[in-house]
Structure formats: C-alpha cells, structure tokens
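Have a look at the structure below before the remarks.
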Amino acid sequence: MFDIYFIYSVIVYPILYIFPAYAANGAPVLFGGGKTPLDFGKKLKGKRIFGNNKTLRGTIAGIMCGVAAGAIESIFPQLAFMLPVAIMLSIGAIAGDLAGSFAKRRTNIKSGAKMPILDQYGFYVFALMFTFWLGNMPGLYGMIFITLLTGILHISTNIGAHLLKLKSVPW
C-alpha cells in the first residue's frame, strides 16, 4: 500500500526534522524554573514583558536540549546537515514561545492562561520560519503530517505533564 519512500518522506523524515524544536519547546517544563525571570521583572507600558513563567534557566535549557537532539541526529549520514538546522529550530521554538507569552501579556491574558492556536503552534511556526532559509525542509505532505502531529502532541504532552505535576495547568 505505502512504499518505504513514502513512509520515510512523509512520516519519518518530518519527525526527525522537527524533533529539535519539540525538544526545545518541552525542555523548559523539565529543566526550567529557577528564580530569574527572562524579563528580569521589567515592564513595557505597565505590563510584564513575558512574566514569571519564562525563566533564564528554561530558555537556556530549551535551546541546549534542542541543539543536543540535532547533534545526535547529525551523526547519521542522511542527517549530517541537522546541527545548524537544530540550532535555528531551537532558537526559533523558544522565540515563538516567548512571542506567544509577549502577546498574552499585551492582551491581558494571565500567565499560564489558555490562548488557543498560539499555545499549540507559536513555537512550531517560529521554528520553521527560522529554518526556512537553510533548506532541507520536509515536502508538502510531510509538513501537513507534522502540523497535525504538533497539535496532537502538544495537547497530549501537556495533559501528561499536568498529570505528572510538572505543569500547573493541562494546556
């Protein structure tokens, strides 16, 4: 029914490609926290820039985990190009998450509150924007697959993190 090329190009390669962004986005939940908010408590027009939930430690942990994932992938000859891609995916994923937090503060949405679409896809869109110029992106069907997968994974991993008491809210 499906040949090996289809499975690789539509499922396997897209997952391997986006995985550093997933690692960067998830790592702050596991390794973040800390006492130093990324915005150092500063305000812009009377509102916090990011809030207390975006910390220096979480930002660094996210980027480091994403880059580490790409470094491991780049060991394999078919993915030798992944280290620079992983660096940009990781920075983009963190930037997207921070942009979402910034947007929430500007629209008076409390830290940790839901903002559908932005919560699920902000990191993903920024990660892809940061890597577009490097090439090697999955094809159309692969992009459709990882876009759907990202939404499903975001919901399920956040529920799991909440059940494990790693997050105070399940979104």
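Each chain in the structure tokens gets a letter, A, B, ..., in the order shown, and its residues are numbered from 1; ligands are numbered from 1 in order too.
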Residues within 9 Å of region 113-117 of chain A, please, as a PDB file with C-alpha atoms, in the first residue's frame. Count only C-alpha atoms; anything in the same chain fewer than 6 positions from it doesn't count.
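Printed below is out.pdb as written:
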```
ATOM      1  CA  GLY A 100       3.227  33.971  22.497  1.00  0.00           C
ATOM      2  CA  LYS A 104      -0.616  37.238  26.057  1.00  0.00           C
ATOM      3  CA  GLY A 151      -1.304  19.807  17.567  1.00  0.00           C
ATOM      4  CA  VAL A 169      -2.391  23.612  34.001  1.00  0.00           C
ATOM      5  CA  TRP A 171      -2.535  23.223  28.335  1.00  0.00           C
TER       6      TRP A 171
END
```
Contacts of Ile72 (chain A) within 12 Å, only C-alpha atoms, excl. fewer than 3 positions in-chain, as a PDB file with N, CA and C atoms, in the first residue's frame:
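So the final result, stored in out23.pdb, reads:
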```
ATOM      1  N   LEU A  16      11.950  13.526  12.321  1.00  0.00           N
ATOM      2  CA  LEU A  16      13.355  13.767  12.639  1.00  0.00           C
ATOM      3  C   LEU A  16      13.718  15.237  12.446  1.00  0.00           C
ATOM      4  N   PHE A  19      12.044  17.372  15.342  1.00  0.00           N
ATOM      5  CA  PHE A  19      12.288  16.919  16.714  1.00  0.00           C
ATOM      6  C   PHE A  19      13.104  17.896  17.562  1.00  0.00           C
ATOM      7  N   PRO A  20      14.162  18.536  17.044  1.00  0.00           N
ATOM      8  CA  PRO A  20      14.873  19.510  17.889  1.00  0.00           C
ATOM      9  C   PRO A  20      13.970  20.645  18.385  1.00  0.00           C
ATOM     10  N   CYS A  65      18.795  21.627  24.834  1.00  0.00           N
ATOM     11  CA  CYS A  65      18.208  20.314  24.544  1.00  0.00           C
ATOM     12  C   CYS A  65      17.895  20.161  23.058  1.00  0.00           C
ATOM     13  N   GLY A  66      17.401  21.205  22.439  1.00  0.00           N
ATOM     14  CA  GLY A  66      17.134  21.153  21.006  1.00  0.00           C
ATOM     15  C   GLY A  66      18.400  20.969  20.193  1.00  0.00           C
ATOM     16  N   VAL A  67      19.437  21.699  20.558  1.00  0.00           N
ATOM     17  CA  VAL A  67      20.718  21.575  19.856  1.00  0.00           C
ATOM     18  C   VAL A  67      21.314  20.180  20.088  1.00  0.00           C
ATOM     19  N   ALA A  68      21.189  19.670  21.300  1.00  0.00           N
ATOM     20  CA  ALA A  68      21.695  18.319  21.593  1.00  0.00           C
ATOM     21  C   ALA A  68      20.969  17.279  20.736  1.00  0.00           C
ATOM     22  N   ALA A  69      19.665  17.427  20.587  1.00  0.00           N
ATOM     23  CA  ALA A  69      18.901  16.495  19.751  1.00  0.00           C
ATOM     24  C   ALA A  69      19.418  16.537  18.318  1.00  0.00           C
ATOM     25  N   ILE A  75      24.828  12.805  13.554  1.00  0.00           N
ATOM     26  CA  ILE A  75      25.793  11.702  13.495  1.00  0.00           C
ATOM     27  C   ILE A  75      25.487  10.791  12.309  1.00  0.00           C
ATOM     28  N   PHE A  76      24.206  10.683  11.962  1.00  0.00           N
ATOM     29  CA  PHE A  76      23.792   9.815  10.866  1.00  0.00           C
ATOM     30  C   PHE A  76      24.005  10.515   9.528  1.00  0.00           C
ATOM     31  N   PRO A  77      24.627   9.833   8.563  1.00  0.00           N
ATOM     32  CA  PRO A  77      24.979  10.477   7.290  1.00  0.00           C
ATOM     33  C   PRO A  77      23.802  11.157   6.582  1.00  0.00           C
ATOM     34  N   LEU A  79      21.441  12.674   7.855  1.00  0.00           N
ATOM     35  CA  LEU A  79      21.045  13.855   8.618  1.00  0.00           C
ATOM     36  C   LEU A  79      22.253  14.702   9.026  1.00  0.00           C
ATOM     37  N   ALA A  80      23.333  14.584   8.287  1.00  0.00           N
ATOM     38  CA  ALA A  80      24.569  15.297   8.625  1.00  0.00           C
ATOM     39  C   ALA A  80      24.381  16.810   8.680  1.00  0.00           C
ATOM     40  N   PHE A  81      23.397  17.334   7.981  1.00  0.00           N
ATOM     41  CA  PHE A  81      23.124  18.768   7.919  1.00  0.00           C
ATOM     42  C   PHE A  81      22.342  19.288   9.126  1.00  0.00           C
ATOM     43  N   MET A  82      21.938  18.420  10.040  1.00  0.00           N
ATOM     44  CA  MET A  82      20.970  18.788  11.073  1.00  0.00           C
ATOM     45  C   MET A  82      21.488  19.718  12.161  1.00  0.00           C
ATOM     46  N   LEU A  83      22.775  19.796  12.417  1.00  0.00           N
ATOM     47  CA  LEU A  83      23.221  20.638  13.529  1.00  0.00           C
ATOM     48  C   LEU A  83      22.860  22.108  13.329  1.00  0.00           C
ATOM     49  N   ALA A  86      19.142  22.376  13.655  1.00  0.00           N
ATOM     50  CA  ALA A  86      18.698  22.223  15.047  1.00  0.00           C
ATOM     51  C   ALA A  86      18.939  23.492  15.851  1.00  0.00           C
TER      52      ALA A  86
END
```
Would you give me, as CSV, each residue of region 67-114 of chain A having an atom within 6 Å of an atom of region 122-138 of chain A, along with its shortest atom pair and that distance in Å to one decimal, using only C-alpha atoms and sorting by chain and residue number?
```
residue,atom,partner,partner_atom,distance
A:Met88,CA,A:Phe130,CA,5.7
A:Leu89,CA,A:Ala127,CA,4.5
A:Gly92,CA,A:Ala127,CA,3.9
A:Ala93,CA,A:Phe123,CA,4.2
A:Gly96,CA,A:Phe123,CA,4.1
A:Asp97,CA,A:Phe123,CA,5.0
```
Running DSSP on the backbone, which parts of region 5-52 of chain A land in strand (DSSP E or B), as a PyMOL selection string?
chain A and resi 37+43-44+47-48
Between CA of Ala103 (chain A) and CA of Ala161 (chain A) lies a distance of 23.6 Å
Please report the interatomic distance between CA of Pro28 (chain A) and CA of Gln78 (chain A) in Å with one decimal.
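That distance, rounded to one decimal, is 29.0 Å.
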Arg48 (chain A) environment, 8 Å, only C-alpha atoms, sequence neighbours closer than 6 positions dropped, as an MDAnalysis selection string:
chainID A and resid 39 41:42 105
Which residue of A:Glu73, A:Ser9, A:Leu149, A:Leu98 approaches Pro37 (chain A) most closely, using only C-alpha atoms:
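When distances to Pro37 (chain A) are compared using only C-alpha atoms, the smallest one comes from A:Leu98.
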Determine, counting only C-alpha atoms, which protein, DNA and RNA residues have an atom within 7 Å of an atom of Ile63 (chain A); residues of the same chain fewer than 4 positions away are not included. Present the result as a PDB file with C-alpha atoms, in the first residue's frame.
```pdb
ATOM      1  CA  ALA A  24      13.497  22.828  22.776  1.00  0.00           C
ATOM      2  CA  THR A  59      15.310  29.375  27.928  1.00  0.00           C
ATOM      3  CA  VAL A  67      20.718  21.575  19.856  1.00  0.00           C
ATOM      4  CA  SER A  90      15.695  25.539  18.836  1.00  0.00           C
ATOM      5  CA  ILE A  91      16.141  29.302  18.848  1.00  0.00           C
TER       6      ILE A  91
END
```
DSSP says alpha helix (DSSP H) for which residues of region 60-130 of chain A? Put them as a short mmCIF file (atom, residue, chain, number, x, y, z; two decimals) with C-alpha atoms, in the first residue's frame?
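Written file, out.cif:
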```
data_model
loop_
_atom_site.label_atom_id
_atom_site.label_comp_id
_atom_site.auth_asym_id
_atom_site.auth_seq_id
_atom_site.Cartn_x
_atom_site.Cartn_y
_atom_site.Cartn_z
CA ILE A 60 18.87 28.07 28.08
CA ALA A 61 17.70 24.51 28.81
CA GLY A 62 15.33 24.61 25.83
CA ILE A 63 17.96 25.75 23.38
CA MET A 64 20.57 23.31 24.74
CA CYS A 65 18.21 20.31 24.54
CA GLY A 66 17.13 21.15 21.01
CA VAL A 67 20.72 21.58 19.86
CA ALA A 68 21.70 18.32 21.59
CA ALA A 69 18.90 16.50 19.75
CA GLY A 70 20.17 17.87 16.44
CA ALA A 71 23.77 17.00 17.29
CA ILE A 72 22.75 13.39 17.90
CA GLU A 73 20.76 13.29 14.65
CA MET A 82 20.97 18.79 11.07
CA LEU A 83 23.22 20.64 13.53
CA PRO A 84 22.77 24.14 12.04
CA VAL A 85 19.10 23.32 11.41
CA ALA A 86 18.70 22.22 15.05
CA ILE A 87 20.31 25.41 16.31
CA MET A 88 17.86 27.52 14.34
CA LEU A 89 14.87 25.27 15.12
CA SER A 90 15.70 25.54 18.84
CA ILE A 91 16.14 29.30 18.85
CA GLY A 92 13.00 29.66 16.73
CA ALA A 93 10.94 27.42 19.00
CA ILE A 94 11.96 29.38 22.09
CA ALA A 95 11.39 32.69 20.27
CA GLY A 96 7.91 31.53 19.24
CA ASP A 97 7.05 30.56 22.80
CA LEU A 98 8.31 33.92 24.05
CA ALA A 99 6.37 35.76 21.33
CA GLY A 100 3.23 33.97 22.50
CA SER A 101 3.89 34.96 26.08
CA PHE A 102 4.55 38.54 24.99
CA ALA A 103 1.26 38.59 23.04
CA LYS A 104 -0.62 37.24 26.06
CA ARG A 105 0.77 39.99 28.29
CA ARG A 106 -0.21 42.66 25.75
CA LEU A 118 -0.88 30.37 19.68
CA ASP A 119 -0.17 27.96 22.55
CA GLN A 120 -0.05 24.92 20.26
CA TYR A 121 1.60 26.36 17.17
CA GLY A 122 3.56 29.50 18.08
CA PHE A 123 6.80 27.63 18.76
CA TYR A 124 6.31 25.50 15.64
CA VAL A 125 5.69 28.39 13.24
CA PHE A 126 8.67 30.36 14.53
CA ALA A 127 10.92 27.28 14.41
CA LEU A 128 10.05 26.75 10.75
CA MET A 129 10.45 30.45 9.94
CA PHE A 130 13.92 30.41 11.48
#
```
Quick one: pull the distance between CA of Asn52 (chain A) and CA of Ile152 (chain A), Å, one decimal.
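CA of Asn52 (chain A) sits 26.8 Å away from CA of Ile152 (chain A).
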Given only C-alpha atoms as the basis, pick out the residue of A:Phe50, A:Pro170, A:Ile11, A:Phe2 nearest to Thr107 (chain A).
A:Phe50
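Proximity of A:Leu140, A:Ala23, A:Leu38, A:Leu44 to Val10 (chain A), computed with only C-alpha atoms, is greatest for A:Leu140.
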